[in-house]
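Okay, so here's the structure we're looking at.
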Amino acid sequence: MSRTSAARSAKLTRRLLGCGVLAGPVFVSTFLLDGATRSGYDPLRHPVSSLGLGPRREVQIANFHVAGVLYLAYAAGLLRSAPSPRRAGAAPILIGASAVGMIGAGVFATDPVSGYPPGTPDQLIDRTTAGLWHDLLSVPTFLGLPGAAFVSARRFRRTGQRSWARYSAGSGLLMLVTFGMASAGFAQVRLLVNFGGLFQRVAVITGFSWLTARAVHALQTGRQQVLSAGLAQRPLPGG
């Protein structure tokens, strides 16, 4: 590969990794703002997916699609930045699966949950086909993100990056616990029903913050590798 081709390839990889930096802040800020200003919607009680129902539903639908595409690009960047696909590990695959789940969540609208939109029951007896597909396609996100965090924690530990290993493992554990508590709240468990939205937001913000931090780390690591390679190829003074 020529230097020009290598430079173009490295530039594309950086752009793909940069998508991972943008995706989380864009997604989180959009649903927080929309949820805080939506009539009849309670962010503490209702899931993020419920913003895909009722007025302004197209905002959250687009939010799912944009974030999903950005995370797919980021997963591709992680694969490209690895010395080989085999050495990339499972994290890019799990992140890519999470991204596909987000896109699917935007294609299929969730069923009403916990009384939103206003006038709907807290829990439907007869589920819609779209609602079932929404829940099914959300599984890769709910499980893929914690899985990617745990896989990354093991890889960071092997390379001696203990702080990153602890951060990744802690993020994965917090995601699993809060996703579980959110699911119980949406299932109308009495003690948790009024806080299902809160627990889900903690899980999502934890996961997406970790993804953003990991993307920044990947960009910094790649830049250091490029600099190191350039210095190695530069002739020594007087050589």
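Residue numbering restarts at 1 in every chain; chains get A, B, ... in the order shown in the structure tokens, and ligands count up from 1 in that same order.
The shell of residues at most 6 Å from A:Cys19, with only C-alpha atoms counted and near chain neighbours (fewer than 3 positions) removed, consists of Leu16, Leu22, Leu70 and Tyr74 of chain A.
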Please, which residues in stretch 45-158 of chain A fall within 9 Å of stretch 185-191 of chain A when counting only C-alpha atoms, and what is the closest atom pair and distance in Å to one decimal for each, ordered by chain then residue number, as CSV?
```
residue,atom,partner,partner_atom,distance
A:Arg45,CA,A:Gly185,CA,8.0
A:His46,CA,A:Phe186,CA,7.7
A:Pro47,CA,A:Phe186,CA,7.8
A:Val113,CA,A:Phe186,CA,6.5
A:Ser114,CA,A:Phe186,CA,6.5
A:Asp122,CA,A:Gln188,CA,7.5
A:Gln123,CA,A:Ala187,CA,7.3
```
Dump as a PDB file, in the first residue's frame, selection limited to C-alpha atoms:
```pdb
ATOM      1  CA  ARG A  45     -41.762   6.754  34.544  1.00  0.00           C
ATOM      2  CA  HIS A  46     -41.812   6.279  30.772  1.00  0.00           C
ATOM      3  CA  PRO A  47     -39.221   4.606  28.520  1.00  0.00           C
ATOM      4  CA  VAL A 113     -46.182   1.587  28.399  1.00  0.00           C
ATOM      5  CA  SER A 114     -47.121   2.902  31.839  1.00  0.00           C
ATOM      6  CA  ASP A 122     -50.444   0.980  31.987  1.00  0.00           C
ATOM      7  CA  GLN A 123     -49.896  -2.444  30.441  1.00  0.00           C
TER       8      GLN A 123
END
```
What is the atom CA of A:Asp126-atom CA of A:Thr110 distance in Å, reported with one decimal? 12.9 Å
Name the residues in contact with stretch 50-65 of chain A at a cut-off of 9 Å, using only C-alpha atoms, excluding same-chain residues fewer than 6 positions from it; report them as a PDB file with C-alpha atoms, in the first residue's frame.
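Okay, this is what ended up in around_0.pdb:
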```pdb
ATOM      1  CA  VAL A  26     -26.499  13.431  20.023  1.00  0.00           C
ATOM      2  CA  PHE A  27     -28.804  10.578  21.053  1.00  0.00           C
ATOM      3  CA  THR A  30     -32.149  14.616  21.932  1.00  0.00           C
ATOM      4  CA  PHE A  31     -34.222  12.256  24.068  1.00  0.00           C
ATOM      5  CA  ASP A  34     -37.719  15.867  23.891  1.00  0.00           C
ATOM      6  CA  GLY A  35     -38.796  14.032  27.047  1.00  0.00           C
ATOM      7  CA  ARG A  38     -43.357  16.469  25.810  1.00  0.00           C
ATOM      8  CA  SER A  39     -46.862  16.960  27.211  1.00  0.00           C
ATOM      9  CA  TYR A  41     -44.673  12.317  29.233  1.00  0.00           C
ATOM     10  CA  ALA A  99     -26.496  -0.373  16.463  1.00  0.00           C
ATOM     11  CA  MET A 102     -31.317   0.772  17.576  1.00  0.00           C
ATOM     12  CA  ILE A 103     -32.167   1.081  13.902  1.00  0.00           C
ATOM     13  CA  GLY A 104     -34.778  -1.667  14.306  1.00  0.00           C
ATOM     14  CA  ALA A 105     -36.240   0.116  17.327  1.00  0.00           C
ATOM     15  CA  GLY A 106     -36.800   3.107  15.087  1.00  0.00           C
ATOM     16  CA  VAL A 107     -38.471   1.031  12.378  1.00  0.00           C
ATOM     17  CA  ALA A 109     -42.787   1.463  17.264  1.00  0.00           C
ATOM     18  CA  THR A 110     -43.070   0.235  20.839  1.00  0.00           C
ATOM     19  CA  ASP A 111     -46.436  -0.463  22.453  1.00  0.00           C
ATOM     20  CA  PRO A 112     -47.790   2.066  24.968  1.00  0.00           C
ATOM     21  CA  VAL A 113     -46.182   1.587  28.399  1.00  0.00           C
ATOM     22  CA  TYR A 116     -48.146   6.896  27.687  1.00  0.00           C
ATOM     23  CA  PRO A 117     -49.497   8.166  25.346  1.00  0.00           C
ATOM     24  CA  PRO A 118     -52.162   9.631  27.672  1.00  0.00           C
TER      25      PRO A 118
END
```
Can you check which residues of stretch 104-178 of chain A DSSP gives as helix (DSSP H, G or I) on the backbone and send them as a ChimeraX atom specification? /A:104-107,129-158,162-178
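Between A:Ala73 and the candidates A:Val139, A:Ile125, A:Leu32, A:Ala97, the tightest atom-to-atom separation, counting only C-alpha atoms, involves A:Ala97.
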Enumerate, in order of chain and increasing residue number, the residues of stretch 81-157 of chain A with an atom no farther than 10 Å from stretch 168-175 of chain A, each with its shortest atom pair and distance in Å to one decimal, counting only C-alpha atoms, as CSV.
```
residue,atom,partner,partner_atom,distance
A:Phe142,CA,A:Met175,CA,8.1
A:Leu143,CA,A:Met175,CA,8.9
A:Gly144,CA,A:Gly172,CA,9.8
A:Leu145,CA,A:Gly172,CA,7.3
A:Pro146,CA,A:Gly172,CA,4.1
A:Gly147,CA,A:Gly172,CA,6.9
A:Ala148,CA,A:Gly172,CA,7.9
A:Ala149,CA,A:Ser168,CA,5.0
A:Phe150,CA,A:Ala169,CA,5.3
A:Val151,CA,A:Ala169,CA,8.5
A:Ser152,CA,A:Ser168,CA,6.6
A:Ala153,CA,A:Ser168,CA,5.1
A:Arg154,CA,A:Ala169,CA,8.3
A:Phe156,CA,A:Ser168,CA,8.6
```
Just write the chosen residues, C-alpha atoms, as a PDB file, in the first residue's frame.
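This is the output file part_8.pdb:
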```
ATOM      1  CA  PHE A 142     -29.692  -4.130  26.018  1.00  0.00           C
ATOM      2  CA  LEU A 143     -27.322  -7.112  26.013  1.00  0.00           C
ATOM      3  CA  GLY A 144     -24.789  -6.059  23.391  1.00  0.00           C
ATOM      4  CA  LEU A 145     -23.637  -2.902  25.145  1.00  0.00           C
ATOM      5  CA  PRO A 146     -22.896  -4.593  28.505  1.00  0.00           C
ATOM      6  CA  GLY A 147     -21.331  -7.483  26.606  1.00  0.00           C
ATOM      7  CA  ALA A 148     -19.049  -5.116  24.703  1.00  0.00           C
ATOM      8  CA  ALA A 149     -18.071  -3.451  27.974  1.00  0.00           C
ATOM      9  CA  PHE A 150     -17.169  -6.774  29.625  1.00  0.00           C
ATOM     10  CA  VAL A 151     -15.220  -7.978  26.581  1.00  0.00           C
ATOM     11  CA  SER A 152     -13.338  -4.673  26.463  1.00  0.00           C
ATOM     12  CA  ALA A 153     -12.606  -4.896  30.183  1.00  0.00           C
ATOM     13  CA  ARG A 154     -10.897  -8.245  29.673  1.00  0.00           C
ATOM     14  CA  PHE A 156      -7.849  -3.773  28.670  1.00  0.00           C
TER      15      PHE A 156
END
```
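You will find atom CA of A:Phe179 at 10.5 Å from atom CA of A:Thr141.
Closest approach to A:Phe208 from the set A:Thr4, A:Arg14, A:Pro43, A:Ala67 is made by A:Ala67, with distances taken over only C-alpha atoms.
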